[in-house]
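Dumped structure-v8.cif below, it's mmCIF, C-alpha atoms:
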```cif
data_work
loop_
_atom_site.label_atom_id
_atom_site.label_comp_id
_atom_site.auth_asym_id
_atom_site.auth_seq_id
_atom_site.Cartn_x
_atom_site.Cartn_y
_atom_site.Cartn_z
CA MET G 1 50.10 -46.66 3.44
CA THR G 2 47.87 -46.40 6.47
CA VAL G 3 44.18 -45.59 6.40
CA SER G 4 44.77 -42.06 7.72
CA GLU G 5 47.38 -41.40 5.06
CA THR G 6 45.01 -42.65 2.40
CA GLN G 7 42.24 -40.29 3.62
CA GLY G 8 44.71 -37.37 3.73
CA ALA G 9 45.78 -38.08 0.20
CA ARG G 10 42.15 -38.04 -0.92
CA THR G 11 41.54 -34.76 0.92
CA ASN G 12 44.52 -33.08 -0.66
CA THR G 13 43.52 -34.14 -4.15
CA PRO G 14 43.21 -30.95 -6.21
CA VAL G 15 39.65 -30.06 -7.26
CA SER G 16 39.09 -28.99 -10.86
CA ALA G 17 38.19 -25.37 -11.60
CA PRO G 18 34.62 -26.19 -12.83
CA ALA G 19 33.98 -28.15 -9.63
CA GLN G 20 35.21 -25.24 -7.53
CA ARG G 21 32.88 -22.86 -9.37
CA ARG G 22 29.93 -25.21 -8.84
CA LEU G 23 30.78 -25.47 -5.16
CA ARG G 24 30.95 -21.68 -4.78
CA ARG G 25 27.70 -21.27 -6.71
CA HIS G 26 26.01 -23.83 -4.47
CA ARG G 27 27.17 -21.98 -1.35
CA HIS G 28 25.98 -18.65 -2.76
CA ASN G 29 22.59 -20.16 -3.65
CA ARG G 30 22.18 -21.53 -0.14
CA ALA G 31 23.02 -18.12 1.33
CA ALA G 32 20.58 -16.40 -1.02
CA LEU G 33 17.79 -18.86 -0.16
CA PHE G 34 18.46 -18.33 3.53
CA PHE G 35 17.98 -14.57 3.26
CA LEU G 36 15.02 -14.92 0.86
CA ALA G 37 13.26 -17.48 3.04
CA PRO G 38 11.10 -14.95 4.98
CA TRP G 39 9.94 -13.31 1.76
CA LEU G 40 9.30 -16.68 0.05
CA ILE G 41 7.30 -17.89 3.06
CA GLY G 42 5.23 -14.71 2.94
CA LEU G 43 4.78 -14.95 -0.83
CA PHE G 44 3.54 -18.54 -0.91
CA GLY G 45 1.92 -18.58 2.53
CA LEU G 46 0.12 -15.23 2.39
CA THR G 47 -0.30 -14.49 -1.33
CA VAL G 48 0.04 -17.39 -3.76
CA GLY G 49 -1.46 -20.01 -1.44
CA PRO G 50 -4.55 -18.05 -0.38
CA THR G 51 -5.08 -16.89 -3.96
CA ALA G 52 -5.09 -20.48 -5.23
CA VAL G 53 -7.43 -21.56 -2.42
CA SER G 54 -9.74 -18.65 -3.19
CA LEU G 55 -9.96 -19.73 -6.82
CA LEU G 56 -10.78 -23.26 -5.69
CA TYR G 57 -13.46 -22.05 -3.25
CA SER G 58 -15.10 -19.98 -5.98
CA PHE G 59 -16.33 -23.25 -7.50
CA THR G 60 -17.70 -24.58 -4.22
CA ASP G 61 -20.45 -24.03 -1.68
CA PHE G 62 -18.56 -23.26 1.53
CA ASP G 63 -19.93 -21.72 4.73
CA PHE G 64 -17.11 -22.24 7.28
CA LEU G 65 -19.17 -24.84 9.14
CA ASN G 66 -19.32 -27.61 6.56
CA ALA G 67 -16.75 -28.97 4.17
CA PRO G 68 -16.63 -27.27 0.74
CA ARG G 69 -19.01 -28.84 -1.77
CA TRP G 70 -18.13 -28.66 -5.46
CA ILE G 71 -20.85 -26.87 -7.47
CA GLY G 72 -18.92 -25.86 -10.58
CA ALA G 73 -19.68 -22.46 -12.06
CA ASP G 74 -22.97 -21.98 -10.18
CA ASN G 75 -21.58 -19.10 -8.11
CA TYR G 76 -20.68 -17.19 -11.27
CA ALA G 77 -24.04 -17.93 -12.90
CA ARG G 78 -25.81 -16.80 -9.75
CA MET G 79 -24.33 -13.29 -10.06
CA LEU G 80 -26.29 -12.67 -13.23
CA HIS G 81 -29.55 -13.02 -11.27
CA ASP G 82 -28.44 -11.31 -8.05
CA ASP G 83 -30.01 -7.86 -8.00
CA ARG G 84 -27.81 -6.61 -5.13
CA PHE G 85 -24.70 -7.80 -6.95
CA LEU G 86 -25.73 -5.89 -10.07
CA ARG G 87 -26.57 -2.83 -7.96
CA SER G 88 -23.20 -2.95 -6.20
CA LEU G 89 -21.45 -3.27 -9.54
CA ALA G 90 -23.34 -0.28 -10.97
CA ASN G 91 -22.59 1.79 -7.85
CA THR G 92 -18.90 0.91 -8.06
CA VAL G 93 -18.65 1.78 -11.75
CA ALA G 94 -20.33 5.14 -11.06
CA TYR G 95 -18.06 5.73 -8.08
CA VAL G 96 -14.90 4.96 -10.04
CA GLY G 97 -16.05 6.85 -13.13
CA LEU G 98 -16.75 10.04 -11.17
CA SER G 99 -14.31 9.99 -8.24
CA VAL G 100 -11.13 9.15 -10.16
CA PRO G 101 -11.34 11.97 -12.77
CA LEU G 102 -12.45 14.43 -10.08
CA ARG G 103 -9.60 13.48 -7.76
CA LEU G 104 -7.03 13.70 -10.55
CA ALA G 105 -8.37 17.06 -11.72
CA VAL G 106 -8.20 18.53 -8.21
CA ALA G 107 -4.76 17.01 -7.62
CA LEU G 108 -3.39 18.42 -10.88
CA GLY G 109 -4.86 21.87 -10.27
CA VAL G 110 -3.42 22.07 -6.76
CA ALA G 111 -0.06 20.75 -7.97
CA ILE G 112 0.15 23.48 -10.60
CA LEU G 113 -0.58 26.10 -7.95
CA LEU G 114 1.96 24.66 -5.52
CA LYS G 115 4.69 24.45 -8.16
CA LYS G 116 5.56 28.12 -7.64
CA ALA G 117 8.53 28.73 -5.37
CA VAL G 118 6.81 31.11 -2.96
CA ARG G 119 7.48 31.60 0.72
CA GLY G 120 6.08 28.83 2.89
CA VAL G 121 5.18 26.59 -0.07
CA GLY G 122 6.44 23.54 1.84
CA VAL G 123 3.87 24.16 4.56
CA TYR G 124 1.09 24.39 2.00
CA ARG G 125 2.23 21.17 0.33
CA ALA G 126 2.23 19.35 3.65
CA ALA G 127 -1.22 20.70 4.51
CA PHE G 128 -2.73 19.59 1.20
CA TYR G 129 -1.05 16.19 1.47
CA LEU G 130 -2.37 15.54 4.98
CA PRO G 131 -5.81 14.19 3.86
CA GLY G 132 -3.98 11.73 1.62
CA LEU G 133 -2.03 10.41 4.62
CA LEU G 134 -5.28 9.61 6.38
CA GLY G 135 -6.34 7.49 3.41
CA GLY G 136 -9.46 5.40 3.93
CA SER G 137 -9.31 5.58 7.72
CA VAL G 138 -12.34 4.96 9.87
CA ALA G 139 -11.97 8.29 11.68
CA VAL G 140 -12.21 10.27 8.44
CA ALA G 141 -15.29 8.33 7.33
CA VAL G 142 -16.96 8.93 10.71
CA LEU G 143 -16.15 12.64 10.47
CA TRP G 144 -17.55 12.75 6.95
CA ARG G 145 -20.76 11.05 8.06
CA HIS G 146 -21.31 13.65 10.75
CA MET G 147 -20.45 16.54 8.42
CA PHE G 148 -23.06 15.45 5.88
CA GLY G 149 -25.70 14.40 8.38
CA GLY G 150 -29.02 16.17 8.72
CA ASP G 151 -27.64 18.52 11.40
CA GLY G 152 -24.06 18.36 10.17
CA LEU G 153 -21.61 21.12 9.41
CA VAL G 154 -22.50 21.26 5.72
CA ASN G 155 -26.17 21.96 6.39
CA GLN G 156 -25.26 24.47 9.10
CA LEU G 157 -23.17 26.40 6.59
CA LEU G 158 -25.96 26.22 4.01
CA ALA G 159 -28.44 27.51 6.60
CA LEU G 160 -26.36 30.67 6.98
CA ILE G 161 -27.25 31.63 3.40
CA GLY G 162 -30.86 30.52 3.69
CA ILE G 163 -30.60 27.07 2.12
CA GLU G 164 -32.09 24.04 3.85
CA GLY G 165 -29.91 21.09 2.95
CA PRO G 166 -31.08 17.48 2.93
CA ALA G 167 -29.74 14.68 5.11
CA TRP G 168 -27.03 13.88 2.59
CA VAL G 169 -25.88 10.47 3.84
CA SER G 170 -29.49 9.37 4.49
CA SER G 171 -30.78 10.29 1.06
CA PRO G 172 -30.50 7.74 -1.76
CA GLU G 173 -30.04 10.60 -4.22
CA TYR G 174 -26.98 12.10 -2.53
CA ALA G 175 -25.39 9.34 -0.43
CA LEU G 176 -23.09 8.08 -3.17
CA GLY G 177 -22.13 11.66 -3.97
CA THR G 178 -20.77 12.10 -0.45
CA LEU G 179 -18.46 9.12 -1.02
CA ILE G 180 -17.28 10.66 -4.29
CA LEU G 181 -16.55 13.99 -2.58
CA LEU G 182 -14.62 12.17 0.15
CA ALA G 183 -12.50 10.41 -2.47
CA ALA G 184 -11.84 13.70 -4.27
CA TRP G 185 -10.87 15.39 -1.00
CA GLN G 186 -8.13 12.82 -0.40
CA PHE G 187 -6.04 13.93 -3.39
CA GLY G 188 -2.70 14.23 -1.59
CA SER G 189 -0.92 11.22 -3.08
CA PRO G 190 -1.59 11.95 -6.78
CA MET G 191 -0.89 15.64 -6.10
CA LEU G 192 2.67 14.86 -4.97
CA ILE G 193 3.24 12.67 -8.02
CA PHE G 194 1.94 15.42 -10.31
CA LEU G 195 4.16 17.91 -8.52
CA ALA G 196 7.22 15.73 -9.10
CA GLY G 197 6.31 15.46 -12.79
CA LEU G 198 5.82 19.20 -13.13
CA GLN G 199 9.27 19.88 -11.73
CA GLN G 200 10.81 17.73 -14.48
CA ILE G 201 9.41 19.88 -17.31
CA PRO G 202 12.16 22.17 -18.68
CA GLN G 203 11.57 25.77 -17.73
CA ASP G 204 12.93 27.08 -21.03
CA LEU G 205 9.86 25.72 -22.82
CA TYR G 206 7.65 28.02 -20.77
CA GLU G 207 9.99 30.95 -21.34
CA ALA G 208 9.99 30.40 -25.11
CA ALA G 209 6.20 30.14 -25.18
CA GLU G 210 5.87 33.31 -23.10
CA ILE G 211 8.15 35.17 -25.50
CA ASP G 212 5.92 33.99 -28.36
CA GLY G 213 2.93 35.53 -26.61
CA ALA G 214 1.30 32.42 -25.12
CA ASN G 215 -0.82 33.15 -22.06
CA ARG G 216 -0.91 30.97 -18.94
CA ARG G 217 -3.83 28.84 -20.06
CA THR G 218 -2.18 28.15 -23.43
CA ARG G 219 1.09 27.18 -21.75
CA VAL G 220 -0.72 24.74 -19.50
CA TRP G 221 -2.69 23.25 -22.38
CA ARG G 222 0.13 23.09 -24.93
CA ILE G 223 3.14 22.35 -22.73
CA THR G 224 2.23 21.14 -19.26
CA LEU G 225 -0.48 18.62 -20.10
CA PRO G 226 1.26 16.91 -23.07
CA LEU G 227 4.53 16.51 -21.17
CA LEU G 228 2.70 15.34 -18.07
CA THR G 229 0.66 12.60 -19.78
CA PRO G 230 2.95 9.72 -18.60
CA VAL G 231 2.37 10.85 -15.02
CA VAL G 232 -1.35 11.17 -15.72
CA LEU G 233 -1.36 7.59 -16.99
CA PHE G 234 0.38 6.34 -13.86
CA ASN G 235 -1.96 8.20 -11.53
CA LEU G 236 -5.00 7.13 -13.52
CA VAL G 237 -4.16 3.43 -13.25
CA MET G 238 -3.22 3.58 -9.57
CA GLN G 239 -6.26 5.61 -8.54
CA MET G 240 -8.61 3.46 -10.62
CA VAL G 241 -7.36 0.26 -8.97
CA THR G 242 -7.67 1.89 -5.54
CA ALA G 243 -11.19 3.14 -6.23
CA PHE G 244 -12.42 -0.29 -7.33
CA GLN G 245 -11.25 -1.67 -3.98
CA SER G 246 -12.75 1.12 -1.85
CA PHE G 247 -14.42 -0.31 1.24
CA THR G 248 -14.03 1.67 4.47
CA PRO G 249 -15.99 4.86 3.55
CA SER G 250 -19.08 2.99 2.36
CA PHE G 251 -18.92 0.61 5.33
CA VAL G 252 -18.66 3.36 7.94
CA ILE G 253 -21.05 5.86 6.40
CA SER G 254 -23.77 3.23 5.90
CA ASN G 255 -23.04 1.29 9.14
CA GLY G 256 -22.16 -1.73 7.04
CA THR G 257 -25.53 -1.96 5.29
CA GLY G 258 -24.84 -0.16 2.01
CA GLY G 259 -27.91 2.00 2.62
CA PRO G 260 -29.97 3.95 2.16
CA LEU G 261 -31.69 1.64 -0.33
CA ASP G 262 -28.28 0.20 -1.35
CA ALA G 263 -27.21 3.64 -2.60
CA THR G 264 -23.72 3.24 -1.06
CA LEU G 265 -23.43 -0.51 -1.60
CA LEU G 266 -20.05 -0.74 -3.28
CA TYR G 267 -18.73 -4.01 -4.67
CA THR G 268 -16.28 -4.71 -1.85
CA LEU G 269 -18.91 -4.00 0.79
CA TYR G 270 -21.31 -6.50 -0.78
CA LEU G 271 -18.45 -9.01 -1.01
CA TYR G 272 -17.81 -8.48 2.70
CA GLN G 273 -21.48 -9.02 3.51
CA ARG G 274 -21.59 -12.28 1.58
CA ALA G 275 -18.39 -13.56 3.18
CA PHE G 276 -18.61 -12.46 6.83
CA VAL G 277 -22.31 -11.78 7.38
CA HIS G 278 -23.94 -14.59 5.41
CA PHE G 279 -20.84 -16.86 5.48
CA GLU G 280 -21.08 -17.63 1.78
CA MET G 281 -17.34 -17.94 1.23
CA GLY G 282 -17.70 -19.69 -2.11
CA TYR G 283 -19.85 -16.91 -3.55
CA ALA G 284 -17.60 -14.23 -2.04
CA SER G 285 -14.54 -15.89 -3.57
CA ALA G 286 -16.22 -15.89 -6.96
CA MET G 287 -17.01 -12.19 -6.53
CA ALA G 288 -13.38 -11.50 -5.69
CA TRP G 289 -12.21 -13.15 -8.89
CA VAL G 290 -14.77 -11.26 -10.95
CA LEU G 291 -13.44 -8.04 -9.44
CA LEU G 292 -9.90 -9.08 -10.34
CA VAL G 293 -10.95 -9.67 -13.95
CA ILE G 294 -12.75 -6.32 -14.10
CA ILE G 295 -9.74 -4.41 -12.76
CA ALA G 296 -7.38 -6.26 -15.12
CA ALA G 297 -9.63 -5.56 -18.12
CA MET G 298 -9.95 -1.87 -17.27
CA THR G 299 -6.19 -1.58 -16.81
CA VAL G 300 -5.56 -3.16 -20.20
CA LEU G 301 -8.06 -0.78 -21.83
CA VAL G 302 -6.38 2.23 -20.24
CA PHE G 303 -2.93 1.14 -21.41
CA ARG G 304 -4.19 0.48 -24.93
CA SER G 305 -5.89 3.85 -25.10
CA ALA G 306 -2.65 5.47 -23.86
CA ARG G 307 -1.10 4.95 -27.28
CA SER G 308 -3.25 7.77 -28.62
CA TRP G 309 -2.85 10.34 -25.83
CA VAL G 310 0.33 9.68 -23.85
CA PHE G 311 3.38 11.57 -25.06
CA TYR G 312 6.90 10.51 -24.09
CA GLY G 313 9.85 12.87 -24.28
CA ASP G 314 11.85 10.68 -26.69
CA GLU G 315 9.07 10.68 -29.30
CA ARG G 316 9.00 13.07 -32.22
#
```
Here is a file; write its structure as structure tokens.
Amino acid sequence: MTVSETQGARTNTPVSAPAQRRLRRHRHNRAALFFLAPWLIGLFGLTVGPTAVSLLYSFTDFDFLNAPRWIGADNYARMLHDDRFLRSLANTVAYVGLSVPLRLAVALGVAILLKKAVRGVGVYRAAFYLPGLLGGSVAVAVLWRHMFGGDGLVNQLLALIGIEGPAWVSSPEYALGTLILLAAWQFGSPMLIFLAGLQQIPQDLYEAAEIDGANRRTRVWRITLPLLTPVVLFNLVMQMVTAFQSFTPSFVISNGTGGPLDATLLYTLYLYQRAFVHFEMGYASAMAWVLLVIIAAMTVLVFRSARSWVFYGDER
């Protein structure tokens, strides 16, 4: 038998069924990895990698110009004695604690009003959702700063009824309140989610309650709110996480300073100042991880508290 005949005989040797399955699986895995490669590169190159490096930098003294120097937990200990850090944390907690409930309340109220199938309701829904599309844009923050300035539109309207308004964004007493009002005004996203939840509530429940003599307020309190609590939970968590990371409004309204007198110095703005103004990347990285822990802890608390107030349709 020649060499070519020997090779042909080897090629034509039947392959066992398990080997064929392994071969097909290997080919499928290679195809899957090929299509997943862009996502995997983004995951490890833009998310996992930078996150790990950030954790490493949080234990170093790093200023972009010199090599990182290991200092242990000094950055975290330093936060306890940093007055501006504590002020930014207090401002952020107040901002989240006031803006999130206010935004959800406005969003739910508007969603209940827009649930009715009246003529042109789609136009109204689009109009109320428009501020949510703008999000935390710079243009909206600039507009807000001019509206609440000393000679802004708000004070001009107050002057029509004989009230002299203060310079809202320049006053330490009211500056943070303007940020809270801006957050409440951008209620479009949670409004749509509430509206979708309202449309899933069976209409016969309202009809039965109306036959029993329940007024509108009772129907909302006894039917709408209990059945909408899963949607409330979702919106609460999402809006809370978003509020903790709020940056653009405080940056634009205060021109990046957090003023007046650090009244609008939110956590992310102070983190930005430490990282890109003072080039203290190690300290800024530590602040970022503290923020991550705070958001995670608050999310866990919300989910644990949900056991006592969230009602699911399959529960008795």
Give me the segment 140-239 of chain G side of the contact with segment 81-93 of chain G, cut-off 12 Å, one line per residue showing its nearest atom pair and distance in Å at one decimal, counting all atoms listed in the file, sorted by chain and residue number, as a Markdown table.
```
| residue | atom | partner | partner_atom | distance |
| --- | --- | --- | --- | --- |
| G:Pro172 | CA | G:Asn91 | CA | 11.6 |
| G:Ala175 | CA | G:Asn91 | CA | 10.9 |
| G:Leu176 | CA | G:Asn91 | CA | 7.9 |
| G:Gly177 | CA | G:Asn91 | CA | 10.6 |
| G:Leu179 | CA | G:Thr92 | CA | 10.8 |
| G:Ile180 | CA | G:Thr92 | CA | 10.6 |
```
Hey, can you spit out that residue selection with C-alpha atoms as a CSV table (one decimal), in the frame of the given file?
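Saved as again-v5.csv:
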```csv
chain,number,residue,atom,x,y,z
G,172,PRO,CA,-30.5,7.7,-1.8
G,175,ALA,CA,-25.4,9.3,-0.4
G,176,LEU,CA,-23.1,8.1,-3.2
G,177,GLY,CA,-22.1,11.7,-4.0
G,179,LEU,CA,-18.5,9.1,-1.0
G,180,ILE,CA,-17.3,10.7,-4.3
```
Between G:Val310, G:Ala263, G:Leu33, G:Ile295, single out the one closest to Tyr174 of chain G, counting only C-alpha atoms.
-> G:Ala263
Would you mind reading off the distance between atom CA of Arg307 of chain G and atom CA of Thr229 of chain G, one decimal, in Å?
->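 Taking atom CA of Arg307 of chain G and atom CA of Thr229 of chain G, their separation equals 10.9 Å.
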Go ahead and compute the interatomic distance for atom CA of Asp204 of chain G and atom CA of Gly120 of chain G, in Å to one decimal.
->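 Distance reported for this atom pair: 24.9 Å.
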Go through G:Leu113, G:Ala184, G:Leu266, G:Val241 and flag the residue nearest Ile253 of chain G, using all atoms listed in the file for the distances.
->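 Of all the options, G:Leu266 lies closest to Ile253 of chain G.
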Between G:Asp212, G:Glu280, G:Glu164, G:Glu207, smallest distance to Tyr57 of chain G by all atoms listed in the file belongs to G:Glu280
Residues within 10 Å of (-4.5, -4.6, -12.0), counting all atoms listed in the file, listed as an MDAnalysis selection string = chainID G and resid 237:238 240:242 291:300
Can you write just those residues out, C-alpha atoms, as a PDB file, keeping the file's coordinate frame?
```
ATOM      1  CA  VAL G 237      -4.160   3.430 -13.250  1.00  0.00           C
ATOM      2  CA  MET G 238      -3.220   3.580  -9.570  1.00  0.00           C
ATOM      3  CA  MET G 240      -8.610   3.460 -10.620  1.00  0.00           C
ATOM      4  CA  VAL G 241      -7.360   0.260  -8.970  1.00  0.00           C
ATOM      5  CA  THR G 242      -7.670   1.890  -5.540  1.00  0.00           C
ATOM      6  CA  LEU G 291     -13.440  -8.040  -9.440  1.00  0.00           C
ATOM      7  CA  LEU G 292      -9.900  -9.080 -10.340  1.00  0.00           C
ATOM      8  CA  VAL G 293     -10.950  -9.670 -13.950  1.00  0.00           C
ATOM      9  CA  ILE G 294     -12.750  -6.320 -14.100  1.00  0.00           C
ATOM     10  CA  ILE G 295      -9.740  -4.410 -12.760  1.00  0.00           C
ATOM     11  CA  ALA G 296      -7.380  -6.260 -15.120  1.00  0.00           C
ATOM     12  CA  ALA G 297      -9.630  -5.560 -18.120  1.00  0.00           C
ATOM     13  CA  MET G 298      -9.950  -1.870 -17.270  1.00  0.00           C
ATOM     14  CA  THR G 299      -6.190  -1.580 -16.810  1.00  0.00           C
ATOM     15  CA  VAL G 300      -5.560  -3.160 -20.200  1.00  0.00           C
TER      16      VAL G 300
END
```
In Å, rounded to a single decimal, give me how far atom CA of Leu114 of chain G is from atom CA of Ala127 of chain G.
-> 11.2 Å
So what does the PyMOL selection byres ((chain G and resi 59) around 12) actually pick up in this one, as a ChimeraX atom specification?
-> /G:52-58,60-62,68-78,280-287,289
Would you fill the gaps in segment 199-214 of chain G so it has N, CA and C atoms, then print it as a PDB file, keeping the file's coordinate frame?
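The resulting rebuild14.pdb:
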```pdb
ATOM      1  N   GLN G 199       7.925  19.363 -11.958  1.00  0.00           N
ATOM      2  CA  GLN G 199       9.270  19.880 -11.730  1.00  0.00           C
ATOM      3  C   GLN G 199      10.284  19.317 -12.717  1.00  0.00           C
ATOM      4  N   GLN G 200       9.911  18.288 -13.467  1.00  0.00           N
ATOM      5  CA  GLN G 200      10.810  17.730 -14.480  1.00  0.00           C
ATOM      6  C   GLN G 200      10.637  18.369 -15.854  1.00  0.00           C
ATOM      7  N   ILE G 201       9.630  19.209 -16.022  1.00  0.00           N
ATOM      8  CA  ILE G 201       9.410  19.880 -17.310  1.00  0.00           C
ATOM      9  C   ILE G 201      10.406  21.030 -17.436  1.00  0.00           C
ATOM     10  N   PRO G 202      11.162  21.089 -18.526  1.00  0.00           N
ATOM     11  CA  PRO G 202      12.160  22.170 -18.680  1.00  0.00           C
ATOM     12  C   PRO G 202      11.517  23.552 -18.642  1.00  0.00           C
ATOM     13  N   GLN G 203      12.107  24.431 -17.882  1.00  0.00           N
ATOM     14  CA  GLN G 203      11.570  25.770 -17.730  1.00  0.00           C
ATOM     15  C   GLN G 203      11.721  26.604 -18.997  1.00  0.00           C
ATOM     16  N   ASP G 204      12.716  26.271 -19.817  1.00  0.00           N
ATOM     17  CA  ASP G 204      12.930  27.080 -21.030  1.00  0.00           C
ATOM     18  C   ASP G 204      11.784  26.943 -22.011  1.00  0.00           C
ATOM     19  N   LEU G 205      11.029  25.854 -21.949  1.00  0.00           N
ATOM     20  CA  LEU G 205       9.860  25.720 -22.820  1.00  0.00           C
ATOM     21  C   LEU G 205       8.808  26.773 -22.479  1.00  0.00           C
ATOM     22  N   TYR G 206       8.598  26.999 -21.197  1.00  0.00           N
ATOM     23  CA  TYR G 206       7.650  28.020 -20.770  1.00  0.00           C
ATOM     24  C   TYR G 206       8.144  29.415 -21.152  1.00  0.00           C
ATOM     25  N   GLU G 207       9.441  29.639 -21.009  1.00  0.00           N
ATOM     26  CA  GLU G 207       9.990  30.950 -21.340  1.00  0.00           C
ATOM     27  C   GLU G 207       9.871  31.226 -22.837  1.00  0.00           C
ATOM     28  N   ALA G 208      10.130  30.214 -23.666  1.00  0.00           N
ATOM     29  CA  ALA G 208       9.990  30.400 -25.110  1.00  0.00           C
ATOM     30  C   ALA G 208       8.545  30.669 -25.500  1.00  0.00           C
ATOM     31  N   ALA G 209       7.619  29.928 -24.869  1.00  0.00           N
ATOM     32  CA  ALA G 209       6.200  30.140 -25.180  1.00  0.00           C
ATOM     33  C   ALA G 209       5.738  31.512 -24.721  1.00  0.00           C
ATOM     34  N   GLU G 210       6.249  31.983 -23.586  1.00  0.00           N
ATOM     35  CA  GLU G 210       5.870  33.310 -23.100  1.00  0.00           C
ATOM     36  C   GLU G 210       6.385  34.400 -24.011  1.00  0.00           C
ATOM     37  N   ILE G 211       7.600  34.200 -24.554  1.00  0.00           N
ATOM     38  CA  ILE G 211       8.150  35.170 -25.500  1.00  0.00           C
ATOM     39  C   ILE G 211       7.298  35.221 -26.765  1.00  0.00           C
ATOM     40  N   ASP G 212       6.769  34.049 -27.162  1.00  0.00           N
ATOM     41  CA  ASP G 212       5.920  33.990 -28.360  1.00  0.00           C
ATOM     42  C   ASP G 212       4.517  34.518 -28.111  1.00  0.00           C
ATOM     43  N   GLY G 213       4.231  34.924 -26.889  1.00  0.00           N
ATOM     44  CA  GLY G 213       2.930  35.530 -26.610  1.00  0.00           C
ATOM     45  C   GLY G 213       1.891  34.588 -26.050  1.00  0.00           C
ATOM     46  N   ALA G 214       2.268  33.376 -25.669  1.00  0.00           N
ATOM     47  CA  ALA G 214       1.300  32.420 -25.120  1.00  0.00           C
ATOM     48  C   ALA G 214       0.923  32.827 -23.699  1.00  0.00           C
TER      49      ALA G 214
END
```
